[in-house]
$ cat model_3.csv   # CSV, C-alpha atoms
chain,number,residue,atom,x,y,z
R,13,MET,CA,118.4,91.3,92.2
R,14,GLU,CA,117.8,87.6,91.6
R,15,VAL,CA,114.6,85.8,92.3
R,16,GLN,CA,116.4,83.6,94.9
R,17,ASP,CA,117.6,86.7,96.8
R,18,LYS,CA,114.0,87.9,97.1
R,19,LEU,CA,112.9,84.4,98.2
R,20,ASN,CA,115.7,84.4,100.8
R,21,ALA,CA,114.5,87.8,102.1
R,22,VAL,CA,111.0,86.4,102.6
R,23,GLN,CA,112.4,83.3,104.4
R,24,ARG,CA,114.6,85.6,106.6
R,25,TYR,CA,111.5,87.6,107.4
R,26,VAL,CA,109.7,84.4,108.6
R,27,ASP,CA,112.8,83.4,110.5
R,28,ALA,CA,112.8,86.8,112.3
R,29,PHE,CA,109.5,86.0,113.8
R,30,GLU,CA,110.3,82.3,114.4
R,31,THR,CA,113.4,83.3,116.5
R,32,ALA,CA,112.1,86.7,117.7
R,33,ASP,CA,115.4,88.1,116.3
R,34,ILE,CA,115.1,91.9,115.7
R,35,ASN,CA,118.6,91.9,114.1
R,36,ILE,CA,117.2,90.1,111.1
R,37,ILE,CA,114.7,92.9,110.7
R,38,LYS,CA,117.5,95.5,110.9
R,39,GLU,CA,119.4,93.6,108.2
R,40,LEU,CA,116.4,93.3,105.9
R,41,TYR,CA,115.3,96.9,105.8
R,42,ALA,CA,117.0,99.9,104.3
R,43,THR,CA,117.6,102.8,106.8
R,44,ASP,CA,115.1,105.0,104.9
R,45,ALA,CA,112.5,102.2,104.5
R,46,THR,CA,108.8,102.6,105.1
R,47,VAL,CA,106.3,100.1,106.6
R,48,GLU,CA,102.6,100.5,106.0
R,49,ASP,CA,100.8,97.8,108.1
R,50,PRO,CA,97.9,97.5,107.3
R,51,VAL,CA,97.7,99.5,104.1
R,52,GLY,CA,95.8,102.7,104.7
R,53,SER,CA,97.2,103.2,108.2
R,54,ASP,CA,100.0,105.6,109.4
R,55,ILE,CA,103.3,104.7,107.8
R,56,HIS,CA,106.4,103.9,109.9
R,57,ASN,CA,109.2,106.0,108.5
R,58,GLY,CA,112.8,105.0,108.8
R,59,ILE,CA,114.6,102.1,110.5
R,60,ASP,CA,114.2,103.3,114.1
R,61,ALA,CA,110.4,103.5,113.8
R,62,ILE,CA,110.3,100.2,112.0
R,63,VAL,CA,112.4,98.5,114.6
R,64,ALA,CA,110.1,99.8,117.3
R,65,PHE,CA,107.1,98.5,115.4
R,66,TYR,CA,108.6,95.0,115.1
R,67,GLU,CA,109.8,94.8,118.6
R,68,GLY,CA,106.2,94.9,119.8
R,69,ALA,CA,105.2,92.1,117.4
R,70,LEU,CA,108.3,89.9,118.2
R,71,SER,CA,107.9,90.2,121.9
R,72,ALA,CA,104.2,89.2,121.6
R,73,GLY,CA,105.3,85.8,120.3
R,74,ILE,CA,103.7,86.2,116.9
R,75,LYS,CA,104.8,83.7,114.2
R,76,LEU,CA,104.4,83.7,110.4
R,77,GLN,CA,103.4,80.8,108.2
R,78,LEU,CA,103.6,81.1,104.4
R,79,SER,CA,100.2,80.0,102.9
R,80,GLY,CA,101.3,80.1,99.2
R,81,THR,CA,104.3,80.6,97.0
R,82,PRO,CA,105.9,84.1,97.0
R,83,ARG,CA,105.4,85.9,93.7
R,84,CYS,CA,108.5,87.8,92.5
R,85,ALA,CA,108.1,90.5,89.9
R,86,GLY,CA,110.2,93.6,89.0
R,87,SER,CA,111.9,94.8,92.1
R,88,GLU,CA,109.2,93.4,94.3
R,89,VAL,CA,107.8,90.3,95.9
R,90,ALA,CA,104.3,89.6,97.2
R,91,PHE,CA,103.6,86.7,99.5
R,92,PRO,CA,100.6,85.3,101.3
R,93,PHE,CA,100.9,84.1,104.9
R,94,GLN,CA,99.1,83.6,108.2
R,95,VAL,CA,100.0,85.6,111.3
R,96,LYS,CA,99.6,83.3,114.2
R,97,GLY,CA,99.5,84.5,117.8
R,98,PRO,CA,97.9,83.2,121.0
R,99,GLY,CA,94.3,82.3,120.1
R,100,MET,CA,94.3,84.2,116.8
R,101,SER,CA,95.3,84.1,113.2
R,102,ILE,CA,95.2,86.7,110.4
R,103,ASP,CA,95.5,86.1,106.6
R,104,VAL,CA,97.9,88.7,105.2
R,105,ILE,CA,99.6,89.5,101.9
R,106,ASP,CA,102.8,91.5,102.2
R,107,VAL,CA,104.5,93.3,99.4
R,108,PHE,CA,108.3,94.0,99.7
R,109,LYS,CA,109.9,96.5,97.4
R,110,PHE,CA,113.8,96.2,97.2
R,111,ASN,CA,116.4,98.8,96.4
R,112,ALA,CA,119.5,98.3,94.3
R,113,GLU,CA,121.4,97.0,97.4
R,114,GLY,CA,118.8,94.3,98.0
R,115,LYS,CA,117.3,95.9,101.1
R,116,VAL,CA,113.6,96.3,101.6
R,117,VAL,CA,112.7,100.0,101.0
R,118,SER,CA,108.9,99.5,101.3
R,119,MET,CA,106.7,97.0,103.0
R,120,ARG,CA,103.0,97.1,102.6
R,121,ALA,CA,100.7,94.7,104.5
R,122,PHE,CA,97.3,93.9,103.1
R,123,TRP,CA,94.8,92.6,105.7
R,124,GLY,CA,91.6,93.8,107.3
R,125,PRO,CA,89.2,92.7,110.2
R,126,GLU,CA,87.5,90.2,107.9
R,127,ASN,CA,90.9,88.3,107.6
R,128,MET,CA,91.1,87.7,111.3
R,129,ALA,CA,90.0,84.4,113.0
R,130,SER,CA,90.1,83.4,116.6
J,15,MET,CA,84.1,102.1,99.8
J,16,GLU,CA,82.9,99.1,101.8
J,17,VAL,CA,84.8,95.8,102.1
J,18,GLN,CA,81.9,94.0,100.4
J,19,ASP,CA,82.2,96.3,97.4
J,20,LYS,CA,85.8,95.4,97.0
J,21,LEU,CA,85.1,91.7,97.4
J,22,ASN,CA,82.3,92.1,94.8
J,23,ALA,CA,84.8,93.6,92.4
J,24,VAL,CA,87.2,90.7,92.9
J,25,GLN,CA,84.3,88.3,92.2
J,26,ARG,CA,83.3,90.2,89.1
J,27,TYR,CA,86.8,90.0,87.9
J,28,VAL,CA,86.8,86.2,88.2
J,29,ASP,CA,83.4,86.2,86.5
J,30,ALA,CA,84.8,88.2,83.6
J,31,PHE,CA,87.2,85.4,82.8
J,32,GLU,CA,84.6,82.7,83.6
J,33,THR,CA,82.2,84.1,81.0
J,34,ALA,CA,84.8,85.7,78.7
J,35,ASP,CA,82.8,88.9,79.1
J,36,ILE,CA,84.8,92.0,78.2
J,37,ASN,CA,82.0,94.2,79.4
J,38,ILE,CA,82.7,93.3,83.0
J,39,ILE,CA,86.3,94.5,82.5
J,40,LYS,CA,85.0,97.8,81.0
J,41,GLU,CA,82.7,98.3,84.1
J,42,LEU,CA,85.4,97.4,86.6
J,43,TYR,CA,88.1,99.8,85.4
J,44,ALA,CA,88.2,103.6,85.5
J,45,THR,CA,88.8,105.2,82.1
J,46,ASP,CA,92.2,106.5,83.2
J,47,ALA,CA,93.3,103.2,84.9
J,48,THR,CA,96.6,101.5,84.6
J,49,VAL,CA,97.4,97.8,84.4
J,50,GLU,CA,100.9,96.5,85.2
J,51,ASP,CA,101.0,92.7,84.5
J,52,PRO,CA,103.4,91.5,85.5
J,53,VAL,CA,104.8,94.1,87.8
J,54,GLY,CA,108.0,95.5,86.2
J,55,SER,CA,106.6,95.2,82.7
J,56,ASP,CA,105.3,98.0,80.4
J,57,ILE,CA,102.1,99.5,81.8
J,58,HIS,CA,98.8,99.5,79.9
J,59,ASN,CA,97.5,103.1,80.2
J,60,GLY,CA,93.8,103.9,79.9
J,61,ILE,CA,90.7,101.8,79.3
J,62,ASP,CA,91.3,101.2,75.5
J,63,ALA,CA,94.8,99.7,76.1
J,64,ILE,CA,93.4,97.7,79.0
J,65,VAL,CA,90.5,96.3,77.0
J,66,ALA,CA,92.9,95.3,74.2
J,67,PHE,CA,95.1,93.5,76.8
J,68,TYR,CA,92.1,91.6,78.3
J,69,GLU,CA,90.6,90.7,75.0
J,70,GLY,CA,93.7,88.6,74.3
J,71,ALA,CA,93.4,86.8,77.6
J,72,LEU,CA,89.7,86.2,77.5
J,73,SER,CA,89.8,84.9,73.9
J,74,ALA,CA,92.5,82.4,75.0
J,75,GLY,CA,90.1,80.7,77.4
J,76,ILE,CA,92.0,81.6,80.5
J,77,LYS,CA,90.1,81.2,83.8
J,78,LEU,CA,90.9,82.4,87.3
J,79,GLN,CA,90.5,80.5,90.6
J,80,LEU,CA,90.9,82.2,93.9
J,81,SER,CA,93.5,80.4,96.1
J,82,GLY,CA,92.9,82.3,99.3
J,83,THR,CA,90.8,85.1,100.9
J,84,PRO,CA,91.1,88.6,99.4
J,85,ARG,CA,92.8,91.0,101.8
J,86,CYS,CA,91.0,94.5,101.8
J,87,ALA,CA,93.0,97.4,103.2
J,88,GLY,CA,92.7,101.1,102.7
J,89,SER,CA,91.4,101.7,99.2
J,90,GLU,CA,93.0,98.5,97.9
J,91,VAL,CA,92.5,94.8,97.8
J,92,ALA,CA,95.1,92.1,97.3
J,93,PHE,CA,94.0,88.6,96.3
J,94,PRO,CA,95.8,85.3,95.5
J,95,PHE,CA,94.6,83.1,92.6
J,96,GLN,CA,95.6,80.7,89.9
J,97,VAL,CA,95.5,81.5,86.3
J,98,LYS,CA,94.4,78.4,84.5
J,99,GLY,CA,94.8,77.9,80.7
J,100,PRO,CA,95.2,74.9,78.4
J,101,GLY,CA,98.0,72.8,80.0
J,102,MET,CA,99.3,75.5,82.3
J,103,SER,CA,98.7,77.3,85.5
J,104,ILE,CA,100.3,80.4,87.2
J,105,ASP,CA,100.1,81.4,90.8
J,106,VAL,CA,99.4,85.2,90.9
J,107,ILE,CA,98.7,87.9,93.4
J,108,ASP,CA,96.8,90.9,92.1
J,109,VAL,CA,96.4,94.3,93.8
J,110,PHE,CA,93.5,96.5,92.8
J,111,LYS,CA,93.4,100.1,93.9
J,112,PHE,CA,90.0,101.8,93.8
J,113,ASN,CA,89.0,105.5,93.2
J,114,ALA,CA,86.3,107.3,95.0
J,115,GLU,CA,83.7,106.0,92.5
J,116,GLY,CA,84.6,102.4,93.3
J,117,LYS,CA,86.4,101.8,90.0
J,118,VAL,CA,89.8,100.1,89.7
J,119,VAL,CA,92.4,102.8,88.9
J,120,SER,CA,95.4,100.6,89.3
J,121,MET,CA,95.9,96.9,88.8
J,122,ARG,CA,99.3,95.3,89.6
J,123,ALA,CA,99.9,91.6,89.0
J,124,PHE,CA,102.7,89.8,90.9
J,125,TRP,CA,104.0,86.7,89.3
J,126,GLY,CA,107.2,85.4,87.7
J,127,PRO,CA,108.4,82.4,85.7
J,128,GLU,CA,108.9,80.4,88.9
J,129,ASN,CA,105.1,80.7,89.6
J,130,MET,CA,104.3,78.8,86.4
J,131,ALA,CA,103.5,75.1,86.2
J,132,SER,CA,102.5,73.0,83.2

$ encode --input "model_3.csv" --output "structure tokens"
Amino acid sequence: MEVQDKLNAVQRYVDAFETADINIIKELYATDATVEDPVGSDIHNGIDAIVAFYEGALSAGIKLQLSGTPRCAGSEVAFPFQVKGPGMSIDVIDVFKFNAEGKVVSMRAFWGPENMAS
Amino acid sequence: MEVQDKLNAVQRYVDAFETADINIIKELYATDATVEDPVGSDIHNGIDAIVAFYEGALSAGIKLQLSGTPRCAGSEVAFPFQVKGPGMSIDVIDVFKFNAEGKVVSMRAFWGPENMAS
């Protein structure tokens, strides 16, 4: 998988929130993917659980804004961004791991209460 | 492990480079720790291999500068920074995973050629 493909996946992820388009989420993730958001919490297993998780976020009008360059390494990419919602923002770092087909098989989101601002 | 302990570990890591003090590295890492820098490359296994790896970096005069807030989650912390050396800089995101004793058991560094600037 080329660096540009990983960068495109990050941009598509931002686009999914910008346009509140759950279909982009369905395209990005592998059917057997896992999402751990935040790291340390219960894992969403499989595309159905993942879609349900994102539908909540997308319908809440949350947007993402990259706050630094994505870092591609191995079959992964880590990228820093701000989650922006009504009257709040959170500094987050996500890590995507890709499978051989270029789908995200693992997403882990690093953030805690101290990364939230009103 | 408290959030503040994780933030202190990140600061100590920055200090290790600032003062070129390998003893800080020895204190931070568990004896059975692993370092993958960059992600996808051969892993440095155990404190002896890790110390050898850092001795090279410290003697080269490399410094670290945080470029965003560390994100603490679960037993881990992810933090964005710039590696600064003579005539170069690299945008990196490191992920530390801690054991029950508060030592780093796993470090994974996310960066690639496209994150380097001269």

$ atom_distance --input "model_3.csv" --atom1 "CA of Lys115 (chain R)" --atom2 "CA of Ala61 (chain R)"
16.3 Å

$ atom_distance --input "model_3.csv" --atom1 "CA of Ile55 (chain R)" --atom2 "CA of Gln77 (chain R)"
23.9 Å

$ closest_residue --input "model_3.csv" --among "J:Thr48, J:Met15, J:Lys40, J:Leu21" --to "Val119 (chain J)" --atoms "only C-alpha atoms"
J:Thr48

$ atom_distance --input "model_3.csv" --atom1 "CA of Asp105 (chain J)" --atom2 "CA of Gly80 (chain R)"
8.6 Å

$ closest_residue --input "model_3.csv" --among "J:Asp108, J:Ala66, J:Glu115, J:Gly99" --to "Pro84 (chain J)" --atoms "only C-alpha atoms"
J:Asp108

$ interface_residues --input "model_3.csv" --of "chain J" --to "chain R" --cutoff "7 Å" --atoms "all atoms listed in the file" --output "PyMOL selection string"
chain J and resi 52-54+85-88+92+106-107+124-126+129

$ closest_residue --input "model_3.csv" --among "R:Lys96, R:Asp54, R:Lys75, R:Phe110" --to "Val26 (chain R)" --atoms "all atoms listed in the file"
R:Lys75

$ residues_around --input "model_3.csv" --residues "Met102 (chain J)" --least-positions-apart "3" --cutoff "10 Å" --atoms "all atoms listed in the file" --output "compact mmCIF listing (two decimals) with C-alpha atoms, keeping the file's coordinate frame"
# COMPACT_ATOMS: atom_id res chain seq x y z
CA ILE J 76 92.00 81.60 80.50
CA GLN J 96 95.60 80.70 89.90
CA VAL J 97 95.50 81.50 86.30
CA LYS J 98 94.40 78.40 84.50
CA GLY J 99 94.80 77.90 80.70
CA MET J 130 104.30 78.80 86.40
CA ALA J 131 103.50 75.10 86.20
CA SER J 132 102.50 73.00 83.20

$ closest_residue --input "model_3.csv" --among "J:Arg122, J:Asp62, J:Ala74, J:Asp19" --to "Ile39 (chain J)" --atoms "only C-alpha atoms"
J:Asp62

$ residues_around --input "model_3.csv" --residues "Val65 (chain J)" --least-positions-apart "5" --cutoff "12 Å" --atoms "all atoms listed in the file" --output "PyMOL selection string"
chain J and resi 30+35-45+47-49+58-60+70-73

$ axis_aligned_box --input "model_3.csv" --around "region 60-70 of chain R" --padding-each-side "5 Å" --output "lines of an AutoDock Vina configuration file"
center_x = 109.7
center_y = 96.7
center_z = 115.9
size_x = 19.0
size_y = 23.6
size_z = 17.8

$ closest_residue --input "model_3.csv" --among "R:Asn111, R:Phe65, R:Pro98, R:Met119" --to "Val22 (chain R)" --atoms "all atoms listed in the file"
R:Met119

$ decode --input "model_3.csv" --residues "region 80-95 of chain R" --atoms "all heavy atoms" --output "mmCIF file, in the first residue's frame"
data_model
loop_
_atom_site.group_PDB
_atom_site.id
_atom_site.type_symbol
_atom_site.label_atom_id
_atom_site.label_comp_id
_atom_site.auth_asym_id
_atom_site.auth_seq_id
_atom_site.Cartn_x
_atom_site.Cartn_y
_atom_site.Cartn_z
ATOM 1 N N GLY R 80 -1.969 18.400 12.173
ATOM 2 C CA GLY R 80 -0.573 18.081 11.891
ATOM 3 C C GLY R 80 -0.545 17.103 10.733
ATOM 4 O O GLY R 80 -1.593 16.641 10.276
ATOM 5 N N THR R 81 0.643 16.806 10.239
ATOM 6 C CA THR R 81 0.776 15.907 9.096
ATOM 7 C C THR R 81 0.572 14.462 9.525
ATOM 8 O O THR R 81 1.062 14.043 10.569
ATOM 9 C CB THR R 81 2.177 16.031 8.473
ATOM 10 O OG1 THR R 81 3.134 15.897 9.527
ATOM 11 C CG2 THR R 81 2.358 17.374 7.830
ATOM 12 N N PRO R 82 -0.160 13.683 8.738
ATOM 13 C CA PRO R 82 -0.265 12.249 9.014
ATOM 14 C C PRO R 82 1.117 11.598 8.917
ATOM 15 O O PRO R 82 1.947 12.006 8.100
ATOM 16 C CB PRO R 82 -1.197 11.730 7.912
ATOM 17 C CG PRO R 82 -2.009 12.927 7.510
ATOM 18 C CD PRO R 82 -1.038 14.080 7.612
ATOM 19 N N ARG R 83 1.358 10.619 9.793
ATOM 20 C CA ARG R 83 2.630 9.889 9.796
ATOM 21 C C ARG R 83 2.359 8.453 9.342
ATOM 22 O O ARG R 83 1.750 7.669 10.078
ATOM 23 C CB ARG R 83 3.224 9.849 11.205
ATOM 24 C CG ARG R 83 3.977 11.093 11.641
ATOM 25 C CD ARG R 83 3.109 12.268 11.990
ATOM 26 N NE ARG R 83 3.766 13.157 12.966
ATOM 27 C CZ ARG R 83 3.276 14.301 13.386
ATOM 28 N NH1 ARG R 83 2.113 14.756 12.921
ATOM 29 N NH2 ARG R 83 3.929 15.022 14.296
ATOM 30 N N CYS R 84 2.829 8.120 8.142
ATOM 31 C CA CYS R 84 2.660 6.777 7.588
ATOM 32 C C CYS R 84 3.878 5.931 7.933
ATOM 33 O O CYS R 84 5.012 6.379 7.777
ATOM 34 C CB CYS R 84 2.512 6.848 6.073
ATOM 35 S SG CYS R 84 1.055 7.761 5.524
ATOM 36 N N ALA R 85 3.644 4.692 8.374
ATOM 37 C CA ALA R 85 4.744 3.789 8.722
ATOM 38 C C ALA R 85 4.220 2.370 8.693
ATOM 39 O O ALA R 85 3.149 2.094 9.241
ATOM 40 C CB ALA R 85 5.307 4.115 10.106
ATOM 41 N N GLY R 86 4.977 1.469 8.060
ATOM 42 C CA GLY R 86 4.535 0.088 7.937
ATOM 43 C C GLY R 86 3.174 0.049 7.268
ATOM 44 O O GLY R 86 2.953 0.712 6.256
ATOM 45 N N SER R 87 2.235 -0.698 7.832
ATOM 46 C CA SER R 87 0.883 -0.775 7.263
ATOM 47 C C SER R 87 -0.074 0.116 8.040
ATOM 48 O O SER R 87 -1.271 -0.137 8.096
ATOM 49 C CB SER R 87 0.398 -2.223 7.300
ATOM 50 O OG SER R 87 0.376 -2.693 8.640
ATOM 51 N N GLU R 88 0.473 1.185 8.647
ATOM 52 C CA GLU R 88 -0.332 2.031 9.530
ATOM 53 C C GLU R 88 -0.152 3.513 9.210
ATOM 54 O O GLU R 88 0.762 3.904 8.487
ATOM 55 C CB GLU R 88 0.056 1.751 10.993
ATOM 56 C CG GLU R 88 -0.109 0.272 11.360
ATOM 57 C CD GLU R 88 0.277 -0.050 12.801
ATOM 58 O OE1 GLU R 88 -0.166 0.635 13.716
ATOM 59 O OE2 GLU R 88 1.039 -1.022 12.990
ATOM 60 N N VAL R 89 -1.045 4.308 9.753
ATOM 61 C CA VAL R 89 -0.882 5.763 9.706
ATOM 62 C C VAL R 89 -1.430 6.327 11.012
ATOM 63 O O VAL R 89 -2.491 5.903 11.492
ATOM 64 C CB VAL R 89 -1.589 6.397 8.490
ATOM 65 C CG1 VAL R 89 -3.071 6.099 8.457
ATOM 66 C CG2 VAL R 89 -1.358 7.908 8.447
ATOM 67 N N ALA R 90 -0.678 7.247 11.597
ATOM 68 C CA ALA R 90 -1.115 7.967 12.801
ATOM 69 C C ALA R 90 -1.316 9.422 12.416
ATOM 70 O O ALA R 90 -0.498 9.986 11.678
ATOM 71 C CB ALA R 90 -0.071 7.844 13.910
ATOM 72 N N PHE R 91 -2.411 10.020 12.885
ATOM 73 C CA PHE R 91 -2.662 11.417 12.505
ATOM 74 C C PHE R 91 -3.350 12.174 13.637
ATOM 75 O O PHE R 91 -4.256 11.666 14.288
ATOM 76 C CB PHE R 91 -3.474 11.510 11.202
ATOM 77 C CG PHE R 91 -4.760 10.733 11.185
ATOM 78 C CD1 PHE R 91 -5.985 11.382 11.368
ATOM 79 C CD2 PHE R 91 -4.769 9.372 10.967
ATOM 80 C CE1 PHE R 91 -7.186 10.676 11.333
ATOM 81 C CE2 PHE R 91 -5.965 8.646 10.936
ATOM 82 C CZ PHE R 91 -7.165 9.301 11.120
ATOM 83 N N PRO R 92 -2.880 13.409 13.864
ATOM 84 C CA PRO R 92 -3.420 14.257 14.929
ATOM 85 C C PRO R 92 -4.517 15.159 14.377
ATOM 86 O O PRO R 92 -4.404 15.671 13.261
ATOM 87 C CB PRO R 92 -2.209 15.084 15.356
ATOM 88 C CG PRO R 92 -1.396 15.236 14.111
ATOM 89 C CD PRO R 92 -1.704 14.043 13.214
ATOM 90 N N PHE R 93 -5.572 15.330 15.127
ATOM 91 C CA PHE R 93 -6.661 16.197 14.668
ATOM 92 C C PHE R 93 -7.464 16.700 15.848
ATOM 93 O O PHE R 93 -7.280 16.260 16.989
ATOM 94 C CB PHE R 93 -7.579 15.460 13.677
ATOM 95 C CG PHE R 93 -8.242 14.229 14.239
ATOM 96 C CD1 PHE R 93 -9.537 14.278 14.735
ATOM 97 C CD2 PHE R 93 -7.573 13.017 14.267
ATOM 98 C CE1 PHE R 93 -10.152 13.139 15.253
ATOM 99 C CE2 PHE R 93 -8.181 11.873 14.786
ATOM 100 C CZ PHE R 93 -9.476 11.943 15.279
ATOM 101 N N GLN R 94 -8.324 17.661 15.549
ATOM 102 C CA GLN R 94 -9.288 18.135 16.532
ATOM 103 C C GLN R 94 -10.674 17.685 16.127
ATOM 104 O O GLN R 94 -11.053 17.797 14.954
ATOM 105 C CB GLN R 94 -9.267 19.658 16.628
ATOM 106 C CG GLN R 94 -8.121 20.210 17.465
ATOM 107 C CD GLN R 94 -8.399 21.644 17.902
ATOM 108 O OE1 GLN R 94 -8.851 22.460 17.121
ATOM 109 N NE2 GLN R 94 -8.125 21.945 19.164
ATOM 110 N N VAL R 95 -11.403 17.136 17.087
ATOM 111 C CA VAL R 95 -12.822 16.871 16.934
ATOM 112 C C VAL R 95 -13.548 18.152 17.332
ATOM 113 O O VAL R 95 -13.318 18.669 18.427
ATOM 114 C CB VAL R 95 -13.284 15.717 17.851
ATOM 115 C CG1 VAL R 95 -14.800 15.594 17.841
ATOM 116 C CG2 VAL R 95 -12.637 14.420 17.433
#
